[in-house]
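Note sheet for the following structure.
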Amino acid sequence: MSQKKRINIGPFSRTHSQLAQVVREVKRTPYGKRIRCISLASRQQLCINPQVKHLGSLSVINERCLDLAPKNKDGKENVPSKCCKYRKASLMQNLNESALLKIMDIEELVAEGESLNACPYYAAREAAKSAQLVMLSYQMLLHRRTRQQAGIDLRGAIVIIDEAHNLLDTIAHLHSCELNLHSLILLQQQLSAYKKRYIKRFSSTSLLNINQLIFIVKRLLKLLQTSAPIFRVLRTYELTAEGEFYNIDLYGLLKFCDQSRLAQKLQGFAENPINYTKTKEQELTEGSATKQLLKQIEILQKNNKSSPEK
Ligand code: SF4
């Protein structure tokens with residue numbers, strides 16, 4: 001191994017229980033006592049602050065944790081009484097050292113964090129900088145933003161992937177999203193409530209962006225509600241043309257959503273979701289649309305194979 005550039009060897013697995021299994025195996029090897037090995041996971045798995053971890057959803061936990069950080073999102077110092085008590089530097093240093101001395105899986109890291117009153121999430125991130133072996137789930141490996149947030153730099157690293165046949169599925173899952181009629185109706189409701197609440201505070205650009213989002217959601221709803229229940233694959237330009245929002249800058253809107261953390265802001269407007277009952281037809285056409293489409297292609301292929309050649 002190069003002495004100039006530290007090399008991490010990362011076995012990446014699909015689930016944390018699989019990673020825990022790898023950790024157990026590493027412990028049994030002759031290297032188990034001397035290797036610096038650390039397991040990374042999300043705040044949802046590692047948070048030990050009872051007032052935060054009970055929030056359940058990963059995005060809400062992330063948001064709350066960032067609110068309790070020593071510096072807030074704008075880089076301003078937070079009032080000490082408002083900071084998470086598990087993030088004190090001295091306590092974190094203790095956990096960081098102990099995590100590098102002894103190989104631990106996620107559960108053991110959380111237990112150690114609880115006994116030392118130190119945050120396992122930030123301690124593990126810090127420890128990963130000095131580790132020789134970093135354990136990650138697929139999700140952390142394959143999603144650039146998550147990787148960056150966790151401080152993972154894969155340049156020069158040796159990457160070991162467990163059960164690699166699951167990689168394609170995971171990549172497709174991580175980089176796609178499925179929208180159904182129900183979620184669009186809910187989103188329309190959230191956006192409208194958010195706009196109504198804060199309309200006087202919006203800058204003209206923000207208001208334009210919100211209005212454009214509401215318009216796009218409305219057009220997508222119309223498409224879903226009026227189209228015949230058939231499965232179709234549309235290219236982006238076909239979808240934007242059919243939905244009549246081809247003249248809207250989608251990248252600009254994405255940037256706005258990202259920078260304003262709109263998704264997180266809308267969370268609070270989902271507390272009283274509308275009552276929505278699916279018709280049988282809707283149940284057939286929504287939900288796992290991708291799976292249904294793939295199933296349909298599979299049936300078509302089977303039919304083609306079984307039909308006699310002319
Ligand atoms: S600093 Fe750690 S313990 Fe505190 S809220 Fe964030 S993840 Fe939870």
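In the structure tokens, the first chain shown is A, the next is B, and so on; residue numbers restart at 1 for each chain, and ligands run from 1 in the order shown.
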
Next on the checklist: At a cut-off of 10 Å around ligand 1, and using only C-alpha atoms and all ligand atoms, what residues come up? Please write them as a PyMOL selection string.
Outcome noted: chain A and resi 42-53+61-70+83-88+92+110+113-114+117-123

Grab the residues selected above and save them as a tab-separated table (two decimals), in the first residue's frame with N, CA and C atoms.
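Saved the output as out-v3.tsv:
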chain	number	residue	atom	x	y	z
A	42	SER	N	-26.24	6.00	8.63
A	42	SER	CA	-26.92	7.29	8.66
A	42	SER	C	-27.26	7.69	10.10
A	43	ARG	N	-27.71	8.94	10.26
A	43	ARG	CA	-28.11	9.40	11.60
A	43	ARG	C	-29.26	8.54	12.13
A	44	GLN	N	-30.11	8.07	11.20
A	44	GLN	CA	-31.25	7.26	11.63
A	44	GLN	C	-30.78	6.03	12.41
A	45	GLN	N	-29.64	5.47	11.99
A	45	GLN	CA	-29.13	4.28	12.68
A	45	GLN	C	-28.24	4.63	13.88
A	46	LEU	N	-27.59	5.82	13.80
A	46	LEU	CA	-26.56	6.09	14.81
A	46	LEU	C	-26.92	7.13	15.86
A	47	CYS	N	-27.97	7.89	15.62
A	47	CYS	CA	-28.30	8.96	16.56
A	47	CYS	C	-28.67	8.37	17.93
A	48	ILE	N	-28.16	9.03	19.00
A	48	ILE	CA	-28.51	8.53	20.34
A	48	ILE	C	-29.27	9.60	21.14
A	49	ASN	N	-29.57	10.71	20.49
A	49	ASN	CA	-30.33	11.76	21.18
A	49	ASN	C	-31.82	11.37	21.17
A	50	PRO	N	-32.39	11.05	22.35
A	50	PRO	CA	-33.77	10.54	22.36
A	50	PRO	C	-34.76	11.50	21.71
A	51	GLN	N	-34.47	12.82	21.85
A	51	GLN	CA	-35.43	13.77	21.26
A	51	GLN	C	-35.34	13.86	19.75
A	52	VAL	N	-34.29	13.32	19.19
A	52	VAL	CA	-34.11	13.37	17.73
A	52	VAL	C	-34.41	12.02	17.10
A	53	LYS	N	-33.88	10.97	17.70
A	53	LYS	CA	-34.01	9.67	17.02
A	53	LYS	C	-35.46	9.19	16.94
A	61	ILE	N	-34.85	13.67	10.85
A	61	ILE	CA	-33.75	13.49	11.82
A	61	ILE	C	-32.54	14.32	11.37
A	62	ASN	N	-32.23	14.26	10.07
A	62	ASN	CA	-31.10	15.04	9.54
A	62	ASN	C	-31.29	16.52	9.82
A	63	GLU	N	-32.48	17.01	9.52
A	63	GLU	CA	-32.78	18.43	9.72
A	63	GLU	C	-32.63	18.84	11.17
A	64	ARG	N	-33.20	18.02	12.06
A	64	ARG	CA	-33.17	18.35	13.49
A	64	ARG	C	-31.74	18.34	14.00
A	65	CYS	N	-30.97	17.35	13.54
A	65	CYS	CA	-29.59	17.26	13.97
A	65	CYS	C	-28.81	18.50	13.51
A	66	LEU	N	-29.05	18.93	12.27
A	66	LEU	CA	-28.34	20.11	11.76
A	66	LEU	C	-28.75	21.36	12.55
A	67	ASP	N	-30.00	21.39	13.00
A	67	ASP	CA	-30.44	22.53	13.82
A	67	ASP	C	-29.71	22.57	15.16
A	68	LEU	N	-29.29	21.39	15.61
A	68	LEU	CA	-28.62	21.30	16.92
A	68	LEU	C	-27.10	21.33	16.81
A	69	ALA	N	-26.60	21.60	15.61
A	69	ALA	CA	-25.14	21.60	15.39
A	69	ALA	C	-24.50	22.84	16.02
A	70	PRO	N	-23.21	22.75	16.37
A	70	PRO	CA	-22.55	23.94	16.96
A	70	PRO	C	-22.63	25.15	16.04
A	83	CYS	N	-27.33	23.33	21.42
A	83	CYS	CA	-26.54	22.31	20.70
A	83	CYS	C	-26.81	20.93	21.30
A	84	CYS	N	-26.62	19.91	20.47
A	84	CYS	CA	-26.82	18.54	20.96
A	84	CYS	C	-25.74	18.23	21.99
A	85	LYS	N	-26.17	17.75	23.15
A	85	LYS	CA	-25.20	17.53	24.25
A	85	LYS	C	-24.26	16.37	23.97
A	86	TYR	N	-24.59	15.55	22.96
A	86	TYR	CA	-23.73	14.40	22.65
A	86	TYR	C	-22.61	14.76	21.67
A	87	ARG	N	-22.58	16.04	21.31
A	87	ARG	CA	-21.59	16.40	20.29
A	87	ARG	C	-20.41	17.19	20.86
A	88	LYS	N	-20.16	17.02	22.14
A	88	LYS	CA	-19.03	17.73	22.77
A	88	LYS	C	-17.73	17.12	22.28
A	92	MET	N	-16.59	13.13	22.07
A	92	MET	CA	-16.48	12.54	20.72
A	92	MET	C	-15.09	11.96	20.50
A	110	VAL	N	-23.27	2.17	18.66
A	110	VAL	CA	-24.33	2.93	19.32
A	110	VAL	C	-24.26	2.69	20.84
A	113	GLY	N	-21.41	4.57	22.22
A	113	GLY	CA	-21.75	6.00	22.23
A	113	GLY	C	-22.65	6.33	23.40
A	114	GLU	N	-23.61	5.45	23.68
A	114	GLU	CA	-24.53	5.70	24.80
A	114	GLU	C	-23.79	5.65	26.13
A	117	ASN	N	-21.75	8.80	26.28
A	117	ASN	CA	-22.52	10.02	26.03
A	117	ASN	C	-21.96	10.83	24.85
A	118	ALA	N	-21.53	10.12	23.83
A	118	ALA	CA	-20.95	10.80	22.66
A	118	ALA	C	-21.66	10.34	21.40
A	119	CYS	N	-21.79	11.23	20.45
A	119	CYS	CA	-22.55	10.93	19.23
A	119	CYS	C	-21.79	9.94	18.33
A	120	PRO	N	-22.35	8.75	18.09
A	120	PRO	CA	-21.66	7.77	17.25
A	120	PRO	C	-21.58	8.21	15.78
A	121	TYR	N	-22.57	8.98	15.33
A	121	TYR	CA	-22.59	9.38	13.91
A	121	TYR	C	-21.37	10.26	13.59
A	122	TYR	N	-21.18	11.32	14.37
A	122	TYR	CA	-20.05	12.21	14.08
A	122	TYR	C	-18.71	11.59	14.47
A	123	ALA	N	-18.73	10.78	15.54
A	123	ALA	CA	-17.47	10.13	15.95
A	123	ALA	C	-17.02	9.16	14.86

Next on the checklist: Show me, as an MDAnalysis selection string, the residues that have an atom within 12 Å of A:Ala172 when counting only C-alpha atoms, minus same-chain residues fewer than 2 positions from it.
Outcome noted: chainID A and resid 138:139 142:143 166:170 174:178 290

Serialized selection, C-alpha atoms, as a CSV table (one decimal), in the first residue's frame:
chain,number,residue,atom,x,y,z
A,138,TYR,CA,-24.6,0.4,-0.9
A,139,GLN,CA,-26.7,3.5,-0.3
A,142,LEU,CA,-23.5,4.9,-4.5
A,143,HIS,CA,-25.1,8.2,-3.7
A,166,ASN,CA,-27.7,-6.3,-6.3
A,167,LEU,CA,-25.8,-3.3,-7.5
A,168,LEU,CA,-27.9,-2.5,-10.6
A,169,ASP,CA,-31.1,-2.7,-8.7
A,170,THR,CA,-29.8,-0.4,-6.0
A,174,LEU,CA,-31.3,5.4,-5.7
A,175,HIS,CA,-31.4,7.5,-8.8
A,176,SER,CA,-35.1,7.2,-9.6
A,177,CYS,CA,-38.3,8.0,-7.9
A,178,GLU,CA,-41.8,6.8,-8.3
A,290,THR,CA,-42.0,0.3,-12.9

Checklist outcome for this item: One decimal place gives the atom CA of A:Ser183-atom CA of A:Leu221 separation as 9.9 Å

Item to check | Distance query A:Gln212 at most 9 Å, only C-alpha atoms, self and fewer than 6 positions along chain excluded, as a list in words | outcome: Phe245, Ile248 and Leu253 of chain A

Just the selected residues (N, CA, C and O atoms), exported as a compact mmCIF listing (two decimals), in the first residue's frame, please.
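In the end it all went to again-v1.txt:
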# COMPACT_ATOMS: atom_id res chain seq x y z
N PHE A 245 -45.21 21.62 -19.99
CA PHE A 245 -44.29 22.44 -19.18
C PHE A 245 -42.88 22.39 -19.76
O PHE A 245 -41.89 22.54 -19.05
N ILE A 248 -40.40 25.29 -19.08
CA ILE A 248 -39.94 25.61 -17.71
C ILE A 248 -38.55 25.03 -17.50
O ILE A 248 -38.27 23.90 -17.90
N LEU A 253 -35.34 24.77 -11.39
CA LEU A 253 -36.27 24.42 -10.31
C LEU A 253 -35.63 23.45 -9.32
O LEU A 253 -35.81 23.57 -8.11

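Put simply, atom CA of A:Ala127 is 7.0 Å away from atom CA of A:Ile38.
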
Next on the checklist: as a ChimeraX atom specification, please: every residue in stretch 39-283 of chain A that a backbone DSSP assignment puts in alpha helix (DSSP H).
Outcome noted: /A:43-46,50-53,58-67,89-101,106-116,120-128,138-142,144-149,167-174,181-198,204-226,236-242,250-260,262-266,280-283
